[in-house]
Each structure stands twice: as structure tokens, then as C-alpha cells.
Amino acid sequence: MEFAFTDEQNQLRETVAQFLESRCPIAETRNQIRSTNGHDQDVWRSLVRDLGLGGIHAPVEQGGAGLSYVETCIVLEEMGRALYSGPFLSSNVLSVNALMCCEGANTATFLTDVVSGDSKATLAFIERNAKWNLQEFECSANNGSLSGEKTFVFDGPSADLLIIAARSNISDRYGLYAVEANSAGIDYVALDSIDLTRRLSTIRFDSVKAIELGAIDESKYQAFLDLAVVALANEMIGGAQRMLDSAVEYASTRVQFGRTIGSLQAIKHKCAELLLDVELAKSACYRAAEAMDHEDLNRSQLASIAKAMASDVFVRAALDCIQVHGGIGFTWENDTHLWYRRAKSSEVYLGDSSFHRERYLQELGV
């Protein structure tokens, strides 16, 4: 099956890349690491409002662009390449996806606010011990109040709206609930993460007032997880490409013993092999993104293949880039370690490569 980006999609990629290069250079990312929220609010607002990226694949009637998930993944790939530290993934992808899964009376209003940038949301669905299966949820809703704990939540303290996946004590079903981030009974606990550019937290709820957005069954939930996995995989492949580019650029300019290190056979082979791995992983990620827009019976398989390949190649690309840079690659002053931190964090989020290979086999019925 032949796949190629359209001219409009390539223009979108170029526009986002130019914006991130000018507004989010790595020096600014280092500054945001030391900030309170970990990101520049004005940059995020410009992405959402000025560039119109707040809801690329959201319906037009809710303020979105009504485009495909491929366009969303193009944007995420460029953000991964630039190591963007803002809440786009948490608010304008994961939260938007969750809201689009619901059919509650209040969902449209919340979705419009998030897409327009009037509200910054984050999704809380992972529980203790990194469990995210519906049947393992302990966080519960009862008579309009929410109690329990969620962990590994992106950008929690800086969000305006929390979207929580929980079980209902009344009807023994599962649903999504909206909670104002500053509601009484909420406790935020910051988590130490290897990725300094992405804030993670544990959120505890003690009889917090919540609005039910809608019920979710296993089918809807798995569809949401596939979307989340593919989004993260495409972000990761952007980081892998950046590491490959950095390794090749350094090898082409670093002179040792009167010749560039890129002329050495060992370095040539390392970069060439990495190029093949990155391109193969890209193909898997792009195919999975395309499958999310169609009633593809293999979408879960494709999502797991993409995440497994992206996880492996991003970590390898970061390690190879560090090795090509030599001793300086291990230092704080060199930027490579920031992508390596992102690679290791994203590798395990929503399942590492072993998990997704096993999931792929289960989907095949093996």
C-alpha cells in the first residue's frame, strides 16, 4: 500500500517546524525546565489559536479543523523533533480524544473550550502500579463526587480542567468525569521524572465534585488507547530523526587525526544502520496514524507495531548520538541527553516495546 503526504500536509509540517524553531529553541526549553509550569503559556496559546492547532482532528462544529489524525501526528512529530515541552499532547490530543469519545450533554462545551485554548485540560487514566485497564480502576465516582488516585498525569498542576477515567459505584460501569483543577479535595504530588521537559504528577481525589461526561465501554476505551499510543509513537519518531540528524551533522564537522570522524567506517555504518531503522519506524508510525481515521480492523495491531518500533529506535538513536559525540555527549552542556531522557520516559509510557509486541501477538490470536 503506497503512502505519501499531500502538499497541504507538507506545508503544515513546514509551518509547525518553522514556528518551533523560532519560538522553542533548545535554549528556551532549558529555561522552561527551571520554570514553575515547565512551559511557556504564550507559546502554547500561539500554537492553539494563532496556528489553529488546538483541535486539528476535532469536528468543525466544536471549533476544530476537521482534518485527519495524520495531520495531528505530523504536528506531534515536529514537536518531538523540537523537544517541545508544552501541554499540547496532554490537552489538545489526549484530552480532545477522550472528549470525542463521550456523548454526554456537557461534552461539547468542554471540547470547544479546550480546542479554542480557553481551557487547558489533562487526562488522568493511569492508576497505581502503572495500571490503565478499565477492570483495574480503583478511582470511583459516587453521587457526583470522585475519590481515588491517578498517577503519571501530564501537566496536572498547570491544567484548568481534569478529565478522569473512573468506575461508577452505582451502576458498576465506567465513564469519564470532568473536574475543575482547583476544586476542593484535590491534592497534587509532583513526581521525579527522568524527562525534565515533561511534568508528571500524582493526583489524589477526596470526594471531589465531578461532572459525568459519558460512559465508556471496553471498545471505546481501546480505541482511545490506540489513538494515544499512535500519537506518542509519532512524537517519538520525531525525536529519533532529530538524534540521527545531530549525529550526522557532528560526524561531518568533527575533525580527528586530520579527518572528519564521519569518514571513518565505524561511524558511517552506525549512521547508515540508524537511518534504516528510523525510516522503517516512520513507515510504521505513518501507517498507524492513517489507520486511526478508518474502520481498520487492524488498527490495534498497527498501533502496537508503531509504538514498539518507535520505542526501540528513539532510545537507540539517542544512545548512538551520544556515542558519536564522544565524551562531550555525556555532559550537561550538550543537549543530546535531553532527548535521551525523553526517549527513556516515552519508551515505558503506555507500554514498552515488549508489552506492545505481546499485545500485537494477542491481537493476532497467537
# chains A, B, ... in the order shown; residues from 1 in each chain; ligands from 1
call {"tool": "residues_around", "arguments": {"residues": "range 131-138 of chain A", "least_positions_apart": "3", "cutoff": "8 Å", "atoms": "only C-alpha atoms", "output": "PDB file with N, CA, C and O atoms, in the first residue's frame"}}
result
ATOM      1  N   PHE A 125      -5.802   8.813  33.658  1.00  0.00           N
ATOM      2  CA  PHE A 125      -6.395   7.490  33.477  1.00  0.00           C
ATOM      3  C   PHE A 125      -5.502   6.358  33.967  1.00  0.00           C
ATOM      4  O   PHE A 125      -5.940   5.227  34.068  1.00  0.00           O
ATOM      5  N   ILE A 126      -4.254   6.659  34.313  1.00  0.00           N
ATOM      6  CA  ILE A 126      -3.351   5.619  34.800  1.00  0.00           C
ATOM      7  C   ILE A 126      -3.385   5.594  36.324  1.00  0.00           C
ATOM      8  O   ILE A 126      -3.341   6.641  36.978  1.00  0.00           O
ATOM      9  N   GLU A 127      -3.457   4.409  36.897  1.00  0.00           N
ATOM     10  CA  GLU A 127      -3.535   4.279  38.345  1.00  0.00           C
ATOM     11  C   GLU A 127      -2.248   3.681  38.909  1.00  0.00           C
ATOM     12  O   GLU A 127      -1.262   3.516  38.195  1.00  0.00           O
ATOM     13  N   ARG A 128      -2.255   3.417  40.195  1.00  0.00           N
ATOM     14  CA  ARG A 128      -1.061   2.906  40.857  1.00  0.00           C
ATOM     15  C   ARG A 128      -0.544   1.644  40.172  1.00  0.00           C
ATOM     16  O   ARG A 128      -1.304   0.874  39.604  1.00  0.00           O
ATOM     17  N   GLY A 148     -10.249   8.752  44.884  1.00  0.00           N
ATOM     18  CA  GLY A 148      -9.250   7.818  44.388  1.00  0.00           C
ATOM     19  C   GLY A 148      -7.965   8.521  44.031  1.00  0.00           C
ATOM     20  O   GLY A 148      -7.720   9.662  44.444  1.00  0.00           O
ATOM     21  N   GLU A 149      -7.160   7.846  43.241  1.00  0.00           N
ATOM     22  CA  GLU A 149      -5.835   8.368  42.901  1.00  0.00           C
ATOM     23  C   GLU A 149      -5.478   8.021  41.463  1.00  0.00           C
ATOM     24  O   GLU A 149      -5.732   6.909  41.002  1.00  0.00           O
ATOM     25  N   ALA A 166     -12.902   6.745  35.397  1.00  0.00           N
ATOM     26  CA  ALA A 166     -13.190   6.095  36.677  1.00  0.00           C
ATOM     27  C   ALA A 166     -14.381   5.161  36.533  1.00  0.00           C
ATOM     28  O   ALA A 166     -15.107   5.187  35.537  1.00  0.00           O
ATOM     29  N   ARG A 167     -14.582   4.351  37.557  1.00  0.00           N
ATOM     30  CA  ARG A 167     -15.748   3.457  37.576  1.00  0.00           C
ATOM     31  C   ARG A 167     -16.842   4.090  38.425  1.00  0.00           C
ATOM     32  O   ARG A 167     -16.579   4.894  39.324  1.00  0.00           O
ATOM     33  N   TYR A 174     -18.248   2.227  33.685  1.00  0.00           N
ATOM     34  CA  TYR A 174     -17.086   3.103  33.632  1.00  0.00           C
ATOM     35  C   TYR A 174     -17.437   4.352  32.834  1.00  0.00           C
ATOM     36  O   TYR A 174     -18.264   4.309  31.920  1.00  0.00           O
ATOM     37  N   GLU A 218     -15.489  -1.070  26.881  1.00  0.00           N
ATOM     38  CA  GLU A 218     -14.165  -1.584  26.533  1.00  0.00           C
ATOM     39  C   GLU A 218     -13.779  -1.217  25.106  1.00  0.00           C
ATOM     40  O   GLU A 218     -12.613  -0.891  24.825  1.00  0.00           O
ATOM     41  N   TYR A 221     -12.825   2.467  24.946  1.00  0.00           N
ATOM     42  CA  TYR A 221     -11.585   2.693  25.692  1.00  0.00           C
ATOM     43  C   TYR A 221     -10.376   2.186  24.905  1.00  0.00           C
ATOM     44  O   TYR A 221      -9.330   2.847  24.859  1.00  0.00           O
TER      45      TYR A 221
END
call {"tool": "residues_around", "arguments": {"residues": "range 6-23 of chain A", "least_positions_apart": "3", "cutoff": "9 Å", "atoms": "only C-alpha atoms", "output": "list in words"}}
result
Ile26, Glu28, Val43, Leu47, Leu51, Val70, Glu71, Ile74, Val75, Glu77, Glu78, Met79, Arg81, Ala82 and Tyr84 of chain A
call {"tool": "write_last_selection", "arguments": {"atoms": "N, CA, C and O atoms", "output": "CSV table (one decimal), in the first residue's frame"}}
result
chain,number,residue,atom,x,y,z
A,26,ILE,N,16.2,25.0,21.7
A,26,ILE,CA,16.5,24.2,22.9
A,26,ILE,C,17.0,25.0,24.1
A,26,ILE,O,16.8,24.6,25.2
A,28,GLU,N,15.6,27.8,25.0
A,28,GLU,CA,14.4,28.2,25.7
A,28,GLU,C,13.8,27.0,26.4
A,28,GLU,O,13.2,27.2,27.5
A,43,VAL,N,3.5,30.6,24.2
A,43,VAL,CA,3.8,29.8,23.0
A,43,VAL,C,2.7,28.7,22.8
A,43,VAL,O,2.3,28.5,21.7
A,47,LEU,N,0.3,28.4,19.5
A,47,LEU,CA,0.1,27.1,18.7
A,47,LEU,C,-1.4,26.8,18.6
A,47,LEU,O,-1.8,26.4,17.5
A,51,LEU,N,-1.9,29.4,15.2
A,51,LEU,CA,-1.7,28.4,14.1
A,51,LEU,C,-2.9,27.5,14.0
A,51,LEU,O,-3.0,26.7,13.0
A,70,VAL,N,-3.8,12.0,10.8
A,70,VAL,CA,-2.4,12.1,10.2
A,70,VAL,C,-1.9,13.5,10.4
A,70,VAL,O,-0.7,13.7,10.8
A,71,GLU,N,-2.7,14.5,10.2
A,71,GLU,CA,-2.2,15.9,10.5
A,71,GLU,C,-1.8,16.1,11.9
A,71,GLU,O,-0.8,16.8,12.2
A,74,ILE,N,1.5,14.6,12.4
A,74,ILE,CA,2.6,15.4,11.7
A,74,ILE,C,3.0,16.5,12.7
A,74,ILE,O,4.2,16.7,12.9
A,75,VAL,N,2.1,17.1,13.3
A,75,VAL,CA,2.4,18.2,14.3
A,75,VAL,C,3.2,17.6,15.5
A,75,VAL,O,4.2,18.1,15.9
A,77,GLU,N,5.0,14.9,15.5
A,77,GLU,CA,6.4,14.5,15.1
A,77,GLU,C,7.3,15.7,15.1
A,77,GLU,O,8.5,15.6,15.6
A,78,GLU,N,6.9,16.9,14.6
A,78,GLU,CA,7.7,18.1,14.7
A,78,GLU,C,7.9,18.5,16.1
A,78,GLU,O,9.0,19.0,16.4
A,79,MET,N,7.0,18.4,17.0
A,79,MET,CA,7.1,18.7,18.4
A,79,MET,C,8.2,17.8,19.0
A,79,MET,O,9.0,18.2,19.9
A,81,ARG,N,10.6,16.4,17.5
A,81,ARG,CA,11.9,16.8,16.9
A,81,ARG,C,12.5,18.0,17.7
A,81,ARG,O,13.6,18.1,17.9
A,82,ALA,N,11.6,18.9,18.0
A,82,ALA,CA,12.0,20.1,18.7
A,82,ALA,C,12.1,20.0,20.2
A,82,ALA,O,12.5,20.9,20.9
A,84,TYR,N,9.5,19.9,22.2
A,84,TYR,CA,8.6,20.8,22.8
A,84,TYR,C,8.1,20.4,24.1
A,84,TYR,O,7.7,19.2,24.3
call {"tool": "residues_around", "arguments": {"residues": "Asp277 in chain A", "least_positions_apart": "6", "cutoff": "10 Å", "atoms": "only C-alpha atoms", "output": "VMD selection string"}}
result
chain A and resid 240 271 309 to 310 312 to 314 316 to 317
call {"tool": "residues_around", "arguments": {"residues": "range 202-206 of chain A", "least_positions_apart": "4", "cutoff": "7 Å", "atoms": "only C-alpha atoms", "output": "ChimeraX atom specification"}}
result
/A:146-153,185-191
call {"tool": "select_by_dssp", "arguments": {"residues": "range 105-205 of chain A", "states": "strand (DSSP E or B)", "output": "ChimeraX atom specification"}}
result
/A:121-124,127,131,140-142,145-154,161-168,174-180,186-191,200-205
call {"tool": "select_by_dssp", "arguments": {"residues": "range 2-173 of chain A", "states": "alpha helix (DSSP H)", "output": "ChimeraX atom specification"}}
result
/A:7-23,26-33,41-45,69-82,96-100,107-116
call {"tool": "atom_distance", "arguments": {"atom1": "CA of Thr197 in chain A", "atom2": "CA of Val96 in chain A"}}
result
21.7 Å
call {"tool": "closest_residue", "arguments": {"among": "A:Asn37, A:Asn234, A:Ser300, A:Ser252", "to": "Ser283 in chain A", "atoms": "only C-alpha atoms"}}
result
A:Asn234
call {"tool": "closest_residue", "arguments": {"among": "A:Ala65, A:Val48, A:Ala215, A:Leu280", "to": "Cys102 in chain A", "atoms": "only C-alpha atoms"}}
result
A:Ala215
call {"tool": "closest_residue", "arguments": {"among": "A:Cys321, A:Gly327, A:Glu358, A:Ser246", "to": "Lys307 in chain A", "atoms": "only C-alpha atoms"}}
result
A:Glu358
call {"tool": "residues_around", "arguments": {"residues": "Ala105 in chain A", "least_positions_apart": "3", "cutoff": "12 Å", "atoms": "only C-alpha atoms", "output": "PyMOL selection string"}}
result
chain A and resi 99+102+108-111+211-215
call {"tool": "closest_atom_pairs", "arguments": {"of": "range 265-352 of chain A", "to": "range 362-366 of chain A", "cutoff": "12 Å", "atoms": "only C-alpha atoms", "output": "Markdown table"}}
result
| residue | atom | partner | partner_atom | distance |
| --- | --- | --- | --- | --- |
| A:Leu297 | CA | A:Glu363 | CA | 10.3 |
| A:Asn298 | CA | A:Glu363 | CA | 8.4 |
| A:Arg299 | CA | A:Glu363 | CA | 9.9 |
| A:Ser300 | CA | A:Glu363 | CA | 7.4 |
| A:Gln301 | CA | A:Glu363 | CA | 6.3 |
| A:Leu302 | CA | A:Glu363 | CA | 10.1 |
| A:Ala303 | CA | A:Glu363 | CA | 11.0 |
| A:Ser304 | CA | A:Glu363 | CA | 9.6 |
| A:Ile305 | CA | A:Glu363 | CA | 11.2 |
call {"tool": "write_last_selection", "arguments": {"atoms": "N, CA and C atoms", "output": "mmCIF file, in the first residue's frame"}}
result
data_model
loop_
_atom_site.group_PDB
_atom_site.id
_atom_site.type_symbol
_atom_site.label_atom_id
_atom_site.label_comp_id
_atom_site.auth_asym_id
_atom_site.auth_seq_id
_atom_site.Cartn_x
_atom_site.Cartn_y
_atom_site.Cartn_z
ATOM 1 N N LEU A 297 -9.706 -2.823 10.767
ATOM 2 C CA LEU A 297 -9.794 -3.909 11.732
ATOM 3 C C LEU A 297 -8.444 -4.197 12.387
ATOM 4 N N ASN A 298 -7.372 -3.730 11.774
ATOM 5 C CA ASN A 298 -6.027 -3.988 12.292
ATOM 6 C C ASN A 298 -5.445 -2.792 13.029
ATOM 7 N N ARG A 299 -6.273 -1.830 13.410
ATOM 8 C CA ARG A 299 -5.752 -0.590 13.990
ATOM 9 C C ARG A 299 -4.989 -0.836 15.284
ATOM 10 N N SER A 300 -5.461 -1.750 16.132
ATOM 11 C CA SER A 300 -4.749 -2.036 17.379
ATOM 12 C C SER A 300 -3.402 -2.688 17.099
ATOM 13 N N GLN A 301 -3.368 -3.574 16.117
ATOM 14 C CA GLN A 301 -2.101 -4.199 15.745
ATOM 15 C C GLN A 301 -1.121 -3.153 15.227
ATOM 16 N N LEU A 302 -1.600 -2.281 14.355
ATOM 17 C CA LEU A 302 -0.743 -1.243 13.782
ATOM 18 C C LEU A 302 -0.255 -0.269 14.844
ATOM 19 N N ALA A 303 -1.115 0.053 15.808
ATOM 20 C CA ALA A 303 -0.720 0.952 16.895
ATOM 21 C C ALA A 303 0.408 0.342 17.717
ATOM 22 N N SER A 304 0.286 -0.937 18.035
ATOM 23 C CA SER A 304 1.315 -1.597 18.838
ATOM 24 C C SER A 304 2.626 -1.748 18.074
ATOM 25 N N ILE A 305 2.539 -2.044 16.777
ATOM 26 C CA ILE A 305 3.762 -2.121 15.964
ATOM 27 C C ILE A 305 4.472 -0.775 15.964
#
call {"tool": "decode", "arguments": {"residues": "range 157-171 of chain A", "atoms": "all heavy atoms", "output": "PDB file, in the first residue's frame"}}
result
ATOM      1  N   PRO A 157      -0.739  20.143  37.487  1.00  0.00           N
ATOM      2  CA  PRO A 157      -0.928  21.386  38.229  1.00  0.00           C
ATOM      3  C   PRO A 157      -1.197  22.619  37.362  1.00  0.00           C
ATOM      4  O   PRO A 157      -1.782  23.584  37.830  1.00  0.00           O
ATOM      5  CB  PRO A 157       0.398  21.537  38.995  1.00  0.00           C
ATOM      6  CG  PRO A 157       0.936  20.149  39.088  1.00  0.00           C
ATOM      7  CD  PRO A 157       0.533  19.489  37.808  1.00  0.00           C
ATOM      8  N   SER A 158      -0.756  22.587  36.106  1.00  0.00           N
ATOM      9  CA  SER A 158      -0.943  23.755  35.239  1.00  0.00           C
ATOM     10  C   SER A 158      -2.235  23.695  34.440  1.00  0.00           C
ATOM     11  O   SER A 158      -2.556  24.628  33.697  1.00  0.00           O
ATOM     12  CB  SER A 158       0.246  23.887  34.278  1.00  0.00           C
ATOM     13  OG  SER A 158       0.317  22.773  33.402  1.00  0.00           O
ATOM     14  N   ALA A 159      -3.009  22.624  34.586  1.00  0.00           N
ATOM     15  CA  ALA A 159      -4.248  22.470  33.820  1.00  0.00           C
ATOM     16  C   ALA A 159      -5.403  23.223  34.480  1.00  0.00           C
ATOM     17  O   ALA A 159      -5.396  23.481  35.684  1.00  0.00           O
ATOM     18  CB  ALA A 159      -4.597  20.991  33.691  1.00  0.00           C
ATOM     19  N   ASP A 160      -6.387  23.563  33.668  1.00  0.00           N
ATOM     20  CA  ASP A 160      -7.619  24.166  34.170  1.00  0.00           C
ATOM     21  C   ASP A 160      -8.693  23.108  34.396  1.00  0.00           C
ATOM     22  O   ASP A 160      -9.556  23.262  35.256  1.00  0.00           O
ATOM     23  CB  ASP A 160      -8.155  25.202  33.170  1.00  0.00           C
ATOM     24  CG  ASP A 160      -7.129  26.254  32.820  1.00  0.00           C
ATOM     25  OD1 ASP A 160      -6.604  26.889  33.750  1.00  0.00           O
ATOM     26  OD2 ASP A 160      -6.855  26.438  31.614  1.00  0.00           O
ATOM     27  N   LEU A 161      -8.628  22.053  33.599  1.00  0.00           N
ATOM     28  CA  LEU A 161      -9.652  21.013  33.622  1.00  0.00           C
ATOM     29  C   LEU A 161      -8.999  19.643  33.682  1.00  0.00           C
ATOM     30  O   LEU A 161      -8.057  19.367  32.943  1.00  0.00           O
ATOM     31  CB  LEU A 161     -10.514  21.112  32.356  1.00  0.00           C
ATOM     32  CG  LEU A 161     -11.602  20.058  32.161  1.00  0.00           C
ATOM     33  CD1 LEU A 161     -12.719  20.267  33.168  1.00  0.00           C
ATOM     34  CD2 LEU A 161     -12.148  20.111  30.737  1.00  0.00           C
ATOM     35  N   LEU A 162      -9.500  18.810  34.583  1.00  0.00           N
ATOM     36  CA  LEU A 162      -9.035  17.435  34.681  1.00  0.00           C
ATOM     37  C   LEU A 162     -10.116  16.506  34.137  1.00  0.00           C
ATOM     38  O   LEU A 162     -11.284  16.630  34.512  1.00  0.00           O
ATOM     39  CB  LEU A 162      -8.730  17.066  36.135  1.00  0.00           C
ATOM     40  CG  LEU A 162      -7.763  17.970  36.903  1.00  0.00           C
ATOM     41  CD1 LEU A 162      -7.621  17.478  38.335  1.00  0.00           C
ATOM     42  CD2 LEU A 162      -6.411  18.035  36.212  1.00  0.00           C
ATOM     43  N   ILE A 163      -9.735  15.599  33.270  1.00  0.00           N
ATOM     44  CA  ILE A 163     -10.651  14.584  32.748  1.00  0.00           C
ATOM     45  C   ILE A 163     -10.201  13.250  33.303  1.00  0.00           C
ATOM     46  O   ILE A 163      -9.072  12.811  33.064  1.00  0.00           O
ATOM     47  CB  ILE A 163     -10.652  14.571  31.214  1.00  0.00           C
ATOM     48  CG1 ILE A 163     -11.037  15.946  30.676  1.00  0.00           C
ATOM     49  CG2 ILE A 163     -11.603  13.508  30.685  1.00  0.00           C
ATOM     50  CD1 ILE A 163     -10.886  16.083  29.179  1.00  0.00           C
ATOM     51  N   ILE A 164     -11.068  12.611  34.079  1.00  0.00           N
ATOM     52  CA  ILE A 164     -10.691  11.414  34.815  1.00  0.00           C
ATOM     53  C   ILE A 164     -11.504  10.226  34.350  1.00  0.00           C
ATOM     54  O   ILE A 164     -12.729  10.305  34.226  1.00  0.00           O
ATOM     55  CB  ILE A 164     -10.884  11.608  36.336  1.00  0.00           C
ATOM     56  CG1 ILE A 164     -10.061  12.801  36.835  1.00  0.00           C
ATOM     57  CG2 ILE A 164     -10.502  10.359  37.104  1.00  0.00           C
ATOM     58  CD1 ILE A 164     -10.819  14.073  36.950  1.00  0.00           C
ATOM     59  N   ALA A 165     -10.829   9.132  34.084  1.00  0.00           N
ATOM     60  CA  ALA A 165     -11.496   7.875  33.777  1.00  0.00           C
ATOM     61  C   ALA A 165     -11.665   7.106  35.077  1.00  0.00           C
ATOM     62  O   ALA A 165     -10.695   6.880  35.810  1.00  0.00           O
ATOM     63  CB  ALA A 165     -10.668   7.053  32.789  1.00  0.00           C
ATOM     64  N   ALA A 166     -12.902   6.745  35.397  1.00  0.00           N
ATOM     65  CA  ALA A 166     -13.190   6.095  36.677  1.00  0.00           C
ATOM     66  C   ALA A 166     -14.381   5.161  36.533  1.00  0.00           C
ATOM     67  O   ALA A 166     -15.107   5.187  35.537  1.00  0.00           O
ATOM     68  CB  ALA A 166     -13.462   7.149  37.753  1.00  0.00           C
ATOM     69  N   ARG A 167     -14.582   4.351  37.557  1.00  0.00           N
ATOM     70  CA  ARG A 167     -15.748   3.457  37.576  1.00  0.00           C
ATOM     71  C   ARG A 167     -16.842   4.090  38.425  1.00  0.00           C
ATOM     72  O   ARG A 167     -16.579   4.894  39.324  1.00  0.00           O
ATOM     73  CB  ARG A 167     -15.372   2.083  38.132  1.00  0.00           C
ATOM     74  CG  ARG A 167     -14.868   2.093  39.567  1.00  0.00           C
ATOM     75  CD  ARG A 167     -14.499   0.687  40.016  1.00  0.00           C
ATOM     76  NE  ARG A 167     -13.903   0.684  41.344  1.00  0.00           N
ATOM     77  CZ  ARG A 167     -14.595   0.670  42.478  1.00  0.00           C
ATOM     78  NH1 ARG A 167     -15.918   0.652  42.438  1.00  0.00           N
ATOM     79  NH2 ARG A 167     -13.977   0.662  43.642  1.00  0.00           N
ATOM     80  N   SER A 168     -18.057   3.720  38.128  1.00  0.00           N
ATOM     81  CA  SER A 168     -19.209   4.220  38.885  1.00  0.00           C
ATOM     82  C   SER A 168     -19.628   3.184  39.920  1.00  0.00           C
ATOM     83  O   SER A 168     -19.801   2.010  39.600  1.00  0.00           O
ATOM     84  CB  SER A 168     -20.377   4.510  37.937  1.00  0.00           C
ATOM     85  OG  SER A 168     -21.542   4.809  38.662  1.00  0.00           O
ATOM     86  N   ASN A 169     -19.772   3.637  41.161  1.00  0.00           N
ATOM     87  CA  ASN A 169     -20.178   2.723  42.235  1.00  0.00           C
ATOM     88  C   ASN A 169     -21.658   2.366  42.159  1.00  0.00           C
ATOM     89  O   ASN A 169     -22.104   1.377  42.732  1.00  0.00           O
ATOM     90  CB  ASN A 169     -19.887   3.352  43.600  1.00  0.00           C
ATOM     91  CG  ASN A 169     -18.424   3.239  43.972  1.00  0.00           C
ATOM     92  OD1 ASN A 169     -17.697   2.451  43.386  1.00  0.00           O
ATOM     93  ND2 ASN A 169     -17.988   4.042  44.929  1.00  0.00           N
ATOM     94  N   ILE A 170     -22.414   3.194  41.461  1.00  0.00           N
ATOM     95  CA  ILE A 170     -23.859   2.989  41.438  1.00  0.00           C
ATOM     96  C   ILE A 170     -24.252   1.916  40.423  1.00  0.00           C
ATOM     97  O   ILE A 170     -24.957   0.961  40.727  1.00  0.00           O
ATOM     98  CB  ILE A 170     -24.591   4.304  41.119  1.00  0.00           C
ATOM     99  CG1 ILE A 170     -24.288   5.339  42.203  1.00  0.00           C
ATOM    100  CG2 ILE A 170     -26.088   4.083  40.978  1.00  0.00           C
ATOM    101  CD1 ILE A 170     -24.877   6.703  41.939  1.00  0.00           C
ATOM    102  N   SER A 171     -23.785   2.067  39.194  1.00  0.00           N
ATOM    103  CA  SER A 171     -24.228   1.175  38.120  1.00  0.00           C
ATOM    104  C   SER A 171     -23.166   0.181  37.688  1.00  0.00           C
ATOM    105  O   SER A 171     -23.375  -0.561  36.745  1.00  0.00           O
ATOM    106  CB  SER A 171     -24.663   2.015  36.918  1.00  0.00           C
ATOM    107  OG  SER A 171     -23.596   2.855  36.509  1.00  0.00           O
TER     108      SER A 171
END
